[in-house]
>>> print(open('start23.tsv').read())   # TSV, C-alpha atoms and all ligand atoms
chain	number	residue	atom	x	y	z
A	1	MET	CA	-9.95	29.78	44.78
A	2	ASN	CA	-8.54	26.37	45.69
A	3	ALA	CA	-6.09	25.64	42.92
A	4	LEU	CA	-3.50	22.84	42.77
A	5	LEU	CA	-0.10	23.66	41.32
A	6	VAL	CA	1.52	20.75	39.45
A	7	SER	CA	5.22	21.01	38.70
A	8	THR	CA	7.62	18.51	37.12
A	9	LYS	CA	8.93	17.79	33.61
A	10	PRO	CA	6.42	19.19	31.03
A	11	ALA	CA	5.42	15.84	29.48
A	12	THR	CA	4.88	14.26	32.91
A	13	MET	CA	2.77	17.23	34.09
A	14	GLN	CA	0.21	16.51	31.36
A	15	VAL	CA	-0.09	12.89	32.56
A	16	TRP	CA	-0.57	14.06	36.15
A	17	ARG	CA	-3.28	16.48	35.04
A	18	GLU	CA	-5.15	13.73	33.17
A	19	GLU	CA	-4.94	11.23	36.04
A	20	LEU	CA	-6.06	13.74	38.68
A	21	LEU	CA	-8.93	15.08	36.55
A	22	ALA	CA	-10.07	11.52	35.82
A	23	LEU	CA	-10.70	11.14	39.55
A	24	ASP	CA	-11.95	14.65	40.27
A	25	PRO	CA	-13.05	16.62	37.17
A	26	ALA	CA	-13.79	19.67	39.34
A	27	LEU	CA	-10.13	20.14	40.33
A	28	ASP	CA	-8.60	23.46	39.38
A	29	ILE	CA	-5.15	22.40	38.18
A	30	ARG	CA	-2.43	24.87	37.19
A	31	LEU	CA	0.68	23.57	35.45
A	32	HIS	CA	3.89	25.40	36.36
A	33	PRO	CA	4.81	28.03	35.23
A	34	GLU	CA	1.20	28.93	34.23
A	35	SER	CA	0.03	29.18	37.83
A	36	GLY	CA	-2.30	32.17	37.36
A	37	PRO	CA	-2.72	34.56	40.32
A	38	VAL	CA	-0.43	33.38	43.10
A	39	GLU	CA	-3.26	33.80	45.66
A	40	ASP	CA	-5.21	30.96	43.99
A	41	ILE	CA	-2.72	28.21	44.86
A	42	THR	CA	-3.51	26.34	48.09
A	43	ALA	CA	-1.69	23.05	47.38
A	44	ALA	CA	1.17	21.92	45.18
A	45	VAL	CA	2.30	18.54	43.92
A	46	THR	CA	5.91	18.87	42.77
A	47	TRP	CA	9.17	17.20	41.83
A	48	ASN	CA	12.42	19.18	41.80
A	49	HIS	CA	10.53	22.48	41.80
A	50	PRO	CA	12.74	25.49	42.72
A	51	PRO	CA	12.11	25.63	46.51
A	52	GLU	CA	12.24	29.43	46.73
A	53	ASP	CA	9.41	29.69	44.18
A	54	LEU	CA	7.03	28.08	46.70
A	55	TYR	CA	7.33	31.20	48.88
A	56	ARG	CA	5.45	33.18	46.19
A	57	TYR	CA	2.08	31.56	47.05
A	58	PRO	CA	0.65	33.28	50.15
A	59	ASN	CA	-2.21	30.77	50.57
A	60	LEU	CA	-0.17	27.58	50.09
A	61	LYS	CA	-1.11	25.07	52.81
A	62	LEU	CA	0.03	21.69	51.49
A	63	LEU	CA	3.09	20.46	49.60
A	64	ILE	CA	2.90	16.96	48.09
A	65	SER	CA	6.10	15.30	46.90
A	66	MET	CA	5.73	13.43	43.62
A	67	GLY	CA	7.94	10.72	45.05
A	68	ALA	CA	8.75	8.86	48.24
A	69	GLY	CA	11.69	11.20	48.85
A	70	VAL	CA	11.22	14.77	49.97
A	71	ASP	CA	14.82	16.05	49.94
A	72	HIS	CA	13.96	18.17	46.87
A	73	LEU	CA	11.53	20.12	49.08
A	74	PHE	CA	14.11	20.61	51.85
A	75	ARG	CA	16.80	22.20	49.71
A	76	PRO	CA	17.43	25.74	50.99
A	77	PRO	CA	15.32	27.66	51.85
A	78	GLY	CA	13.19	24.55	52.62
A	79	PRO	CA	9.39	24.41	52.65
A	80	PRO	CA	7.67	27.66	53.59
A	81	PRO	CA	7.00	27.74	57.36
A	82	GLY	CA	3.56	26.46	58.34
A	83	VAL	CA	3.03	24.54	55.09
A	84	ALA	CA	2.34	20.82	55.65
A	85	VAL	CA	4.49	18.36	53.66
A	86	VAL	CA	3.32	14.91	52.58
A	87	ARG	CA	4.93	12.28	50.38
A	88	LEU	CA	3.90	9.22	48.40
A	89	VAL	CA	3.63	5.78	49.92
A	90	ASP	CA	2.58	3.44	47.16
A	91	ARG	CA	2.53	-0.32	46.71
A	92	LEU	CA	3.89	-0.18	43.16
A	93	LEU	CA	6.70	2.17	44.22
A	94	THR	CA	7.65	-0.17	47.05
A	95	THR	CA	7.44	-3.31	44.91
A	96	ALA	CA	9.56	-1.78	42.16
A	97	MET	CA	12.28	-0.81	44.62
A	98	SER	CA	12.39	-4.29	46.11
A	99	GLU	CA	12.66	-5.74	42.59
A	100	TYR	CA	15.62	-3.46	41.91
A	101	VAL	CA	17.35	-4.47	45.13
A	102	LEU	CA	16.69	-8.20	44.60
A	103	LEU	CA	18.01	-8.00	41.04
A	104	ALA	CA	21.19	-6.26	42.18
A	105	VAL	CA	21.73	-8.65	45.09
A	106	LEU	CA	21.11	-11.78	43.04
A	107	ARG	CA	23.17	-10.60	40.08
A	108	HIS	CA	26.12	-10.15	42.45
A	109	HIS	CA	25.44	-13.20	44.61
A	110	ARG	CA	25.02	-15.54	41.62
A	111	GLN	CA	28.21	-14.17	40.00
A	112	ASP	CA	26.42	-13.06	36.88
A	113	ALA	CA	29.33	-10.89	35.68
A	114	GLY	CA	31.68	-13.87	36.04
A	115	TYR	CA	29.43	-16.21	34.07
A	116	ARG	CA	28.84	-13.60	31.35
A	117	ALA	CA	32.63	-13.21	31.00
A	118	LEU	CA	33.02	-17.00	30.71
A	119	GLN	CA	30.26	-17.14	28.10
A	120	ALA	CA	31.97	-14.40	26.08
A	121	ARG	CA	35.08	-16.63	25.98
A	122	ARG	CA	33.03	-19.83	25.33
A	123	GLU	CA	34.55	-21.32	28.50
A	124	TRP	CA	32.63	-24.07	30.34
A	125	GLU	CA	33.63	-23.54	33.95
A	126	GLU	CA	31.89	-23.61	37.34
A	127	LEU	CA	32.50	-20.74	39.73
A	128	PRO	CA	32.45	-21.52	43.49
A	129	ALA	CA	28.87	-22.17	44.66
A	130	PRO	CA	27.38	-19.17	46.53
A	131	ASP	CA	26.20	-19.82	50.10
A	132	THR	CA	23.00	-17.85	50.60
A	133	GLU	CA	22.53	-18.64	54.28
A	134	ALA	CA	26.05	-17.41	55.02
A	135	THR	CA	25.62	-14.16	53.06
A	136	ARG	CA	24.89	-11.17	55.26
A	137	ILE	CA	22.90	-8.31	53.78
A	138	GLY	CA	22.56	-4.99	55.58
A	139	VAL	CA	19.77	-2.58	54.67
A	140	MET	CA	20.26	1.07	55.69
A	141	GLY	CA	16.79	2.51	56.28
A	142	LEU	CA	13.91	0.37	57.47
A	143	GLY	CA	11.05	2.54	56.21
A	144	ASN	CA	8.48	1.62	53.60
A	145	LEU	CA	11.12	0.67	51.05
A	146	GLY	CA	13.88	-0.72	53.27
A	147	ALA	CA	11.58	-2.92	55.35
A	148	ASP	CA	9.96	-4.43	52.24
A	149	ALA	CA	13.32	-5.17	50.61
A	150	ALA	CA	14.67	-6.60	53.88
A	151	ARG	CA	11.66	-8.93	54.29
A	152	LYS	CA	11.93	-10.16	50.69
A	153	LEU	CA	15.67	-10.81	51.05
A	154	ALA	CA	15.06	-12.66	54.32
A	155	ALA	CA	12.43	-14.78	52.53
A	156	LEU	CA	15.22	-15.89	50.14
A	157	ASN	CA	17.19	-17.10	53.21
A	158	PHE	CA	19.88	-14.41	53.28
A	159	GLN	CA	21.00	-13.27	56.74
A	160	VAL	CA	19.40	-9.82	56.79
A	161	ALA	CA	19.95	-6.91	59.15
A	162	GLY	CA	18.64	-3.38	59.03
A	163	TRP	CA	19.73	-0.03	60.42
A	164	SER	CA	17.35	2.79	61.29
A	165	ARG	CA	17.33	6.05	63.27
A	166	THR	CA	15.02	4.74	65.98
A	167	PRO	CA	14.91	1.10	67.17
A	168	LYS	CA	12.73	-1.24	65.08
A	169	GLN	CA	11.55	-4.84	65.38
A	170	LEU	CA	11.06	-6.92	62.24
A	171	ASP	CA	10.51	-10.67	62.28
A	172	GLY	CA	13.57	-12.59	61.10
A	173	ILE	CA	15.68	-9.47	60.69
A	174	GLU	CA	18.44	-8.35	63.04
A	175	THR	CA	18.09	-4.65	63.74
A	176	PHE	CA	20.53	-1.89	64.66
A	177	ALA	CA	19.74	1.75	65.36
A	178	GLY	CA	21.32	5.15	65.70
A	179	ALA	CA	24.93	6.29	65.51
A	180	ASP	CA	26.10	3.60	67.97
A	181	GLY	CA	24.55	0.84	65.87
A	182	LEU	CA	26.16	1.85	62.59
A	183	MET	CA	29.66	0.34	62.79
A	184	PRO	CA	28.52	-3.02	64.29
A	185	PHE	CA	25.87	-3.16	61.53
A	186	LEU	CA	28.49	-2.53	58.83
A	187	ALA	CA	30.95	-5.04	60.33
A	188	ARG	CA	28.45	-7.90	59.70
A	189	THR	CA	27.39	-6.75	56.22
A	190	ASP	CA	28.63	-8.45	53.02
A	191	ILE	CA	26.12	-6.64	50.79
A	192	LEU	CA	25.13	-3.10	51.81
A	193	VAL	CA	21.84	-1.69	50.51
A	194	CYS	CA	21.14	2.02	51.04
A	195	LEU	CA	17.46	3.00	51.24
A	196	LEU	CA	17.80	6.01	53.53
A	197	PRO	CA	16.18	9.39	53.02
A	198	LEU	CA	18.62	12.23	52.31
A	199	THR	CA	18.88	14.49	55.35
A	200	PRO	CA	21.74	16.45	56.93
A	201	GLU	CA	22.45	13.32	59.07
A	202	THR	CA	22.62	10.89	56.14
A	203	GLU	CA	24.43	13.08	53.58
A	204	GLY	CA	27.81	11.44	52.80
A	205	ILE	CA	27.12	8.49	55.09
A	206	ILE	CA	28.78	6.08	52.64
A	207	ASN	CA	32.33	7.38	52.96
A	208	ALA	CA	35.92	6.19	53.53
A	209	ARG	CA	35.26	5.47	57.22
A	210	THR	CA	32.02	3.53	56.78
A	211	LEU	CA	33.29	1.65	53.70
A	212	ALA	CA	36.36	0.61	55.72
A	213	GLY	CA	33.95	-0.72	58.38
A	214	LEU	CA	32.56	-3.29	55.91
A	215	PRO	CA	34.23	-6.70	55.54
A	216	HIS	CA	36.88	-6.70	52.77
A	217	GLY	CA	35.26	-7.29	49.37
A	218	ALA	CA	31.75	-6.18	50.39
A	219	TYR	CA	29.27	-5.13	47.71
A	220	VAL	CA	27.39	-1.78	47.76
A	221	ILE	CA	23.94	-1.00	46.36
A	222	ASN	CA	22.67	2.60	46.50
A	223	ALA	CA	19.15	3.23	45.27
A	224	ALA	CA	18.34	6.11	47.63
A	225	ARG	CA	20.10	9.39	46.81
A	226	GLY	CA	23.47	10.12	45.23
A	227	ALA	CA	24.51	12.46	48.04
A	228	HIS	CA	24.55	9.55	50.49
A	229	VAL	CA	27.83	8.55	48.83
A	230	VAL	CA	31.17	10.34	48.88
A	231	GLU	CA	31.86	9.30	45.32
A	232	GLU	CA	35.68	9.65	45.46
A	233	ASP	CA	35.73	7.44	48.59
A	234	LEU	CA	33.63	4.76	46.88
A	235	LEU	CA	35.88	4.85	43.80
A	236	ALA	CA	38.96	4.48	46.02
A	237	ALA	CA	37.36	1.53	47.84
A	238	LEU	CA	36.46	-0.08	44.48
A	239	ASP	CA	40.00	0.42	43.19
A	240	SER	CA	41.57	-1.07	46.31
A	241	GLY	CA	39.20	-4.06	46.40
A	242	GLN	CA	37.78	-3.10	49.82
A	243	VAL	CA	34.51	-2.90	47.90
A	244	SER	CA	34.24	-5.58	45.21
A	245	GLY	CA	31.51	-3.86	43.21
A	246	ALA	CA	28.58	-1.49	43.31
A	247	THR	CA	25.13	-1.10	41.79
A	248	LEU	CA	24.20	2.57	41.72
A	249	ASP	CA	20.92	4.16	40.66
A	250	VAL	CA	21.48	7.67	42.01
A	251	PHE	CA	24.32	10.17	41.81
A	252	ARG	CA	25.42	13.51	43.24
A	253	THR	CA	24.99	15.07	39.79
A	254	GLU	CA	22.13	13.77	37.67
A	255	PRO	CA	22.31	13.12	34.78
A	256	LEU	CA	25.67	11.55	35.63
A	257	PRO	CA	28.33	13.58	33.71
A	258	ARG	CA	29.62	11.63	30.69
A	259	GLU	CA	33.22	11.87	31.93
A	260	HIS	CA	32.41	10.40	35.38
A	261	ARG	CA	34.48	7.27	36.23
A	262	PHE	CA	31.37	5.36	37.35
A	263	TRP	CA	30.31	5.00	33.68
A	264	THR	CA	33.33	2.89	32.81
A	265	HIS	CA	34.40	1.30	36.09
A	266	PRO	CA	34.49	-2.47	35.45
A	267	ASN	CA	32.85	-3.23	38.80
A	268	VAL	CA	30.06	-0.65	38.68
A	269	ILE	CA	26.59	-1.31	37.31
A	270	LEU	CA	24.51	1.83	37.00
A	271	THR	CA	21.00	2.91	36.10
A	272	PRO	CA	19.66	6.46	35.53
A	273	HIS	CA	17.63	7.02	38.73
A	274	ALA	CA	15.10	4.49	37.53
A	275	ALA	CA	14.95	2.00	40.42
A	276	SER	CA	11.38	2.94	41.28
A	277	ILE	CA	9.53	5.46	39.16
A	278	THR	CA	6.28	7.07	40.34
A	279	ILE	CA	3.30	5.98	38.26
A	280	PRO	CA	0.78	8.88	38.33
A	281	ARG	CA	-2.24	6.56	37.86
A	282	SER	CA	-1.23	4.56	40.92
A	283	VAL	CA	-0.68	7.54	43.23
A	284	ALA	CA	-3.39	9.95	42.02
A	285	PRO	CA	-5.98	8.53	44.51
A	286	GLN	CA	-3.78	9.40	47.51
A	287	VAL	CA	-3.20	12.92	46.17
A	288	ILE	CA	-6.96	13.39	45.77
A	289	ASP	CA	-7.49	11.94	49.24
A	290	ASN	CA	-5.03	14.35	50.85
A	291	LEU	CA	-6.61	17.32	49.04
A	292	ALA	CA	-9.99	16.24	50.47
A	293	ARG	CA	-8.47	15.89	53.95
A	294	LEU	CA	-7.02	19.40	53.63
A	295	ARG	CA	-10.39	20.86	52.51
A	296	GLU	CA	-12.27	19.09	55.30
A	297	GLY	CA	-9.71	19.80	58.03
A	298	ARG	CA	-9.03	16.07	58.60
A	299	PRO	CA	-5.53	14.73	59.45
A	300	LEU	CA	-3.33	14.34	56.35
A	301	ALA	CA	-1.87	10.98	55.30
A	302	ASN	CA	1.85	10.19	54.82
A	303	VAL	CA	2.92	13.33	56.63
A	304	VAL	CA	6.61	14.25	56.63
A	305	ASP	CA	8.16	15.26	59.95
A	306	VAL	CA	9.57	18.64	58.94
A	307	SER	CA	11.80	18.66	62.05
A	308	VAL	CA	13.78	15.59	60.85
A	309	GLY	CA	13.39	16.14	57.09
A	310	TYR	CA	11.77	12.84	56.04
B	1	LIG	P1	10.89	6.18	54.93
B	1	LIG	O1	9.68	5.31	54.97
B	1	LIG	O2	10.79	7.57	55.42
B	1	LIG	O3	12.03	5.40	55.73
B	1	LIG	C1	13.25	5.99	56.04
B	1	LIG	C2	14.06	5.04	56.90
B	1	LIG	O4	15.37	5.59	57.06
B	1	LIG	C3	13.47	4.86	58.30
B	1	LIG	O5	13.64	3.54	58.74
B	1	LIG	C4	14.33	5.82	59.13
B	1	LIG	O6	14.45	5.47	60.49
B	1	LIG	C5	15.67	5.67	58.45
B	1	LIG	N1	16.51	6.83	58.74
B	1	LIG	C6	16.27	8.14	58.53
B	1	LIG	N2	17.26	8.90	59.00
B	1	LIG	C7	18.16	8.05	59.53
B	1	LIG	C8	19.39	8.22	60.20
B	1	LIG	N3	19.92	9.45	60.43
B	1	LIG	N4	20.05	7.12	60.64
B	1	LIG	C9	19.53	5.88	60.45
B	1	LIG	N5	18.35	5.66	59.82
B	1	LIG	C10	17.68	6.73	59.37
B	1	LIG	O7	11.45	6.28	53.45
B	1	LIG	P2	11.16	5.28	52.22
B	1	LIG	O8	9.80	5.48	51.69
B	1	LIG	O9	11.56	3.92	52.64
B	1	LIG	O10	12.19	5.86	51.14
B	1	LIG	C11	13.57	5.93	51.38
B	1	LIG	C12	14.26	6.77	50.30
B	1	LIG	O11	14.37	6.06	49.08
B	1	LIG	C13	13.52	8.04	49.89
B	1	LIG	O12	13.73	9.09	50.84
B	1	LIG	C14	14.15	8.36	48.55
B	1	LIG	O13	15.25	9.22	48.69
B	1	LIG	C15	14.62	7.01	48.04
B	1	LIG	N6	13.91	6.58	46.82
B	1	LIG	C16	14.63	6.36	45.68
B	1	LIG	C17	13.97	5.94	44.53
B	1	LIG	C18	14.72	5.64	43.27
B	1	LIG	O14	14.09	5.43	42.23
B	1	LIG	N7	16.03	5.58	43.30
B	1	LIG	C19	12.57	5.76	44.55
B	1	LIG	C20	11.88	6.00	45.72
B	1	LIG	C21	12.56	6.42	46.87
B	1	LIG	P3	13.17	5.42	61.47
B	1	LIG	O15	12.44	4.16	61.06
B	1	LIG	O16	13.76	5.34	62.82
B	1	LIG	O17	12.38	6.66	61.21
B	2	LIG	C1	12.32	8.79	43.71
B	2	LIG	O1	13.49	8.99	43.71
B	2	LIG	C2	11.45	8.98	44.83
B	2	LIG	O2	11.89	9.57	45.82
B	2	LIG	O3	10.27	8.57	44.75
>>> encode(input="start23.tsv", output="structure tokens")
Amino acid sequence: MNALLVSTKPATMQVWREELLALDPALDIRLHPESGPVEDITAAVTWNHPPEDLYRYPNLKLLISMGAGVDHLFRPPGPPPGVAVVRLVDRLLTTAMSEYVLLAVLRHHRQDAGYRALQARREWEELPAPDTEATRIGVMGLGNLGADAARKLAALNFQVAGWSRTPKQLDGIETFAGADGLMPFLARTDILVCLLPLTPETEGIINARTLAGLPHGAYVINAARGAHVVEEDLLAALDSGQVSGATLDVFRTEPLPREHRFWTHPNVILTPHAASITIPRSVAPQVIDNLARLREGRPLANVVDVSVGY
């Protein structure tokens, strides 16, 4: 038996089943928790599935993340040893994230909150003109998402830099890498955009020390994972004015608890982990392709390096 386990929210699982069967009607799809005999399952496409449950399938060979991020698969105990892990790399996913970042950057840069407040008071007043070419944006993470957002921001004439784990070269973008590159990167960043994967190295990377390394009044955008941010440190920086505002899509606890200060902070704009949502129809072909590669013993696409966790 070569069965594919699908696991996410119940309503979304049905959509996944339809989209995958539309491309390959012969697929044997099992929706969690109705997996049938555990020996049947050879591949799984999952989102926020309990990681320990994946150890129940003795013939599991391939784990496919239903998103770009794979941190949900690396929560203890992590993926079962010897099981390959792949993720989604998708044009629509990338485009949607860049749209989110551009919206957040431009809303801040063009003083949208200020103009809305003036409108509410029926006051006709110009705010100081923003200088795009003098505004320095720093993108943490120069992968599929970060590099696309960085290029699009550079095309708008912002001064863009990026920070990655290993050195990168991108036309028109200043690049920094590794632990030594972090503080110099932050020191030249007026608007910080986080598009890192969540790993032990990047957990809590937006904290009191790194926020203090930004110029006074910098703006923060986090659309990666909530655990990149030490939330109390960000709130303190917002309260002191070290950070002038933040756009946040992701949080340590999701859904964000109703009593959390982010909901009501005057300088926080938040969205419910909706910056870039996987569209099953768009990604089903790459899932089918990887299942075929697995069956035929060909190299998999979009493979995650299990040793670094992304
Ligand atoms: P990716 O292609 O794997 O790129 C990751 C980038 O981060 C790479 O440039 C990598 O450096 C860099 N990086 C990793 N560890 C680092 C470290 N310790 N120090 C400095 N840089 C480091 O990932 P992606 O597809 O762009 O996605 C990024 C993340 O976005 C995902 O992991 C996910 O958590 C998040 N996401 C959020 C949403 C949402 O709706 N909010 C949607 C999709 C994705 P190298 O280039 O040197 O490898
Ligand atoms: C969403 O958060 C993703 O990782 O695709």
>>> residues_around(input="start23.tsv", residues="Ala96 (chain A)", least_positions_apart="4", cutoff="7 Å", atoms="all atoms listed in the file", output="ChimeraX atom specification")
/A:92,100,275-276
>>> residues_around(input="start23.tsv", residues="region 66-68 of chain A", least_positions_apart="6", cutoff="8 Å", atoms="all atoms listed in the file", output="MDAnalysis selection string")
chainID A and resid 45:47 87:89 278
>>> atom_distance(input="start23.tsv", atom1="CA of Thr175 (chain A)", atom2="CA of Gln111 (chain A)")
27.5 Å
>>> residues_near_ligand(input="start23.tsv", ligand="ligand LIG 2 (chain B)", cutoff="12 Å", atoms="only C-alpha atoms and all ligand atoms", output="VMD selection string")
chain A and resid 46 to 48 64 to 73 87 to 94 96 to 97 144 to 145 195 to 198 222 to 226 249 to 251 254 272 to 280 283 310
>>> residues_around(input="start23.tsv", residues="Leu170 (chain A)", least_positions_apart="4", cutoff="12 Å", atoms="only C-alpha atoms", output="NGL selection string")
:A and (142-143 or 146-151 or 154 or 160-164 or 174-176)
>>> write_last_selection(input="start23.tsv", atoms="C-alpha atoms", output="short mmCIF file (atom, residue, chain, number, x, y, z; two decimals), in the frame of the given file")
data_model
loop_
_atom_site.label_atom_id
_atom_site.label_comp_id
_atom_site.auth_asym_id
_atom_site.auth_seq_id
_atom_site.Cartn_x
_atom_site.Cartn_y
_atom_site.Cartn_z
CA LEU A 142 13.91 0.37 57.47
CA GLY A 143 11.05 2.54 56.21
CA GLY A 146 13.88 -0.72 53.27
CA ALA A 147 11.58 -2.92 55.35
CA ASP A 148 9.96 -4.43 52.24
CA ALA A 149 13.32 -5.17 50.61
CA ALA A 150 14.67 -6.60 53.88
CA ARG A 151 11.66 -8.93 54.29
CA ALA A 154 15.06 -12.66 54.32
CA VAL A 160 19.40 -9.82 56.79
CA ALA A 161 19.95 -6.91 59.15
CA GLY A 162 18.64 -3.38 59.03
CA TRP A 163 19.73 -0.03 60.42
CA SER A 164 17.35 2.79 61.29
CA GLU A 174 18.44 -8.35 63.04
CA THR A 175 18.09 -4.65 63.74
CA PHE A 176 20.53 -1.89 64.66
#
>>> closest_residue(input="start23.tsv", among="A:Asp180, A:Ala236, A:Met140, A:Asn267", to="Ile205 (chain A)", atoms="all atoms listed in the file")
A:Met140
>>> atom_distance(input="start23.tsv", atom1="CA of Arg136 (chain A)", atom2="CA of Thr189 (chain A)")
5.2 Å
>>> closest_residue(input="start23.tsv", among="A:Glu201, A:Glu18, A:Glu232, A:Glu296", to="ligand LIG 1 (chain B)", atoms="all atoms listed in the file")
A:Glu201
>>> residues_around(input="start23.tsv", residues="Pro37 (chain A)", least_positions_apart="2", cutoff="10 Å", atoms="only C-alpha atoms", output="PyMOL selection string")
chain A and resi 1+3+34-35+39-41+57
>>> decode(input="start23.tsv", residues="region 204-211 of chain A", atoms="all heavy atoms", output="compact mmCIF listing (two decimals), in the first residue's frame")
# COMPACT_ATOMS: atom_id res chain seq x y z
N GLY A 204 13.58 33.95 19.20
CA GLY A 204 13.85 35.10 20.07
C GLY A 204 14.87 36.08 19.51
O GLY A 204 15.42 36.89 20.25
N ILE A 205 15.07 36.07 18.20
CA ILE A 205 16.12 36.92 17.62
C ILE A 205 15.75 38.40 17.65
O ILE A 205 16.62 39.27 17.63
CB ILE A 205 16.47 36.44 16.19
CG1 ILE A 205 17.81 37.03 15.76
CG2 ILE A 205 15.36 36.74 15.20
CD1 ILE A 205 18.50 36.24 14.69
N ILE A 206 14.45 38.69 17.74
CA ILE A 206 14.02 40.09 17.88
C ILE A 206 13.77 40.32 19.37
O ILE A 206 12.72 39.95 19.91
CB ILE A 206 12.77 40.36 17.00
CG1 ILE A 206 13.12 40.08 15.53
CG2 ILE A 206 12.28 41.80 17.18
CD1 ILE A 206 12.00 40.30 14.56
N ASN A 207 14.80 40.85 20.04
CA ASN A 207 14.78 40.93 21.50
C ASN A 207 15.33 42.30 21.92
O ASN A 207 15.66 43.15 21.06
CB ASN A 207 15.62 39.78 22.08
CG ASN A 207 17.04 39.79 21.53
OD1 ASN A 207 17.66 40.85 21.37
ND2 ASN A 207 17.58 38.62 21.23
N ALA A 208 15.47 42.51 23.23
CA ALA A 208 15.89 43.83 23.73
C ALA A 208 17.22 44.26 23.09
O ALA A 208 17.38 45.42 22.70
CB ALA A 208 16.02 43.78 25.25
N ARG A 209 18.15 43.31 22.96
CA ARG A 209 19.47 43.67 22.43
C ARG A 209 19.39 44.06 20.95
O ARG A 209 19.94 45.08 20.53
CB ARG A 209 20.43 42.48 22.60
CG ARG A 209 21.87 42.77 22.16
CD ARG A 209 22.74 41.54 22.33
NE ARG A 209 22.56 40.58 21.25
CZ ARG A 209 23.31 40.54 20.15
NH1 ARG A 209 24.29 41.41 19.97
NH2 ARG A 209 23.08 39.63 19.21
N THR A 210 18.69 43.25 20.17
CA THR A 210 18.66 43.54 18.72
C THR A 210 17.78 44.76 18.44
O THR A 210 18.10 45.57 17.56
CB THR A 210 18.20 42.31 17.91
OG1 THR A 210 16.98 41.79 18.47
CG2 THR A 210 19.26 41.22 17.91
N LEU A 211 16.70 44.94 19.22
CA LEU A 211 15.86 46.13 19.01
C LEU A 211 16.64 47.40 19.36
O LEU A 211 16.50 48.43 18.69
CB LEU A 211 14.58 46.02 19.85
CG LEU A 211 13.59 44.94 19.38
CD1 LEU A 211 12.49 44.73 20.41
CD2 LEU A 211 12.98 45.29 18.01
